[in-house]
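What follows is a short report on a single structure.
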Amino acid sequence: MTAADVLMLALGAVAVGAGVLVVSTRHLVRAGLYLVVCLGAVAGLYLVLTAELVAWVQLLIYVGAVVVLLLFAVMLTRAPIGAADDLDRPGWPAALIGGGTGLGLAALLVDAYRWSSVDLPDPGTAERLGTEIFRSWVLPFEVLSVLLLSALVGAIAISVRIPGRRQ
């Protein structure tokens with residue numbers, strides 16, 4: 001077992017553990033911070049796989065933008081920051097559905113590939129990736145940015161206090 005294998009296992013365990021904490025914690029802000037840890041571990045996995053560009057995009061876009069936007073929206077809308085009793089639901093249905101889905105996907109993967117090797121395409125370059133993104137995928141990126149901006153403006157509009165208006 002090489003050092004890369006050990007690092008992959010450790011980062012995978014951190015990502016899975018933080019993911020479980022994201023969905024099991026009763027504190028909304030802590031869930032956002034656990035999400036940062038989970039996404040950071042996934043970026044570390046990309047680094048171990050020598051996909052530096054994908055790792056930096058993971059850190060910049062997901063950790064640097066989406067999670068910050070989530071926490072900013074939570075703070076603007078004055079959502080409950082501490083433990084919420086209305087979120088305390090039994091976890092066994094979710095565990096049953098998640099475990100069943102995971103086992104089903106694992107069985108589908110084993111059945112599809114039967115432990116055979118798959119030929120990989122030639123490795124891409126950052127130049128080729130950038131050309132593909134800015135040629136074919138510009139519109140979806142712009143639509144997503146407008147959607148996130150409108151969500152932020154909506155959160156600000158909801159949180160503004162206007163004298164005389166009932167909250």
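All residue names refer to the structure tokens as shown: chains lettered A, B, ... in order, residues numbered from 1 in each chain, ligands numbered from 1 in order.
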
With only C-alpha atoms as the counted atoms, please give the residues lying no more than 12 Å from A:Ala51, apart from itself and same-chain residues fewer than 6 positions off, as number ranges by chain. A: 42-45, 57-58, 123-126

Could you list, as an NGL selection string, every residue within 12 Å of A:Leu60, counting only C-alpha atoms and ignoring same-chain residues fewer than 5 positions away? :A and (36 or 39-40 or 43 or 53-55 or 65-68)

Among stretch 22-104 of chain A, which residues carry a DSSP assignment of alpha helix (DSSP H), reported as a VMD selection string? chain A and resid 22 to 24 28 to 48 52 to 57 67 to 76 92 to 104

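Pairwise distance (atom CA of A:Thr50, atom CA of A:Ala10) equals 16.5 Å.
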
Interatomic distance between atom CA of A:Gly91 and atom CA of A:Gly12? 23.0 Å

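If you measure from each of A:Gly100, A:Ala94, A:Val74, A:Ala106 to A:Val29 using only C-alpha atoms, the closest one turns out to be A:Val74.
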
In terms of only C-alpha atoms, the residue from A:Leu96, A:Val153, A:Leu35, A:Leu105 at minimal distance from A:Ala18 is A:Leu35

For A:Ala41, which residue out of A:Leu129, A:Met8, A:Val160, A:Val20 is the nearest one, using only C-alpha atoms? A:Met8

Select, from A:Leu76, A:Leu7, A:Ser159, A:Ala95, the residue with the minimum atom-to-atom distance to A:Ser24, counting only C-alpha atoms. A:Ala95
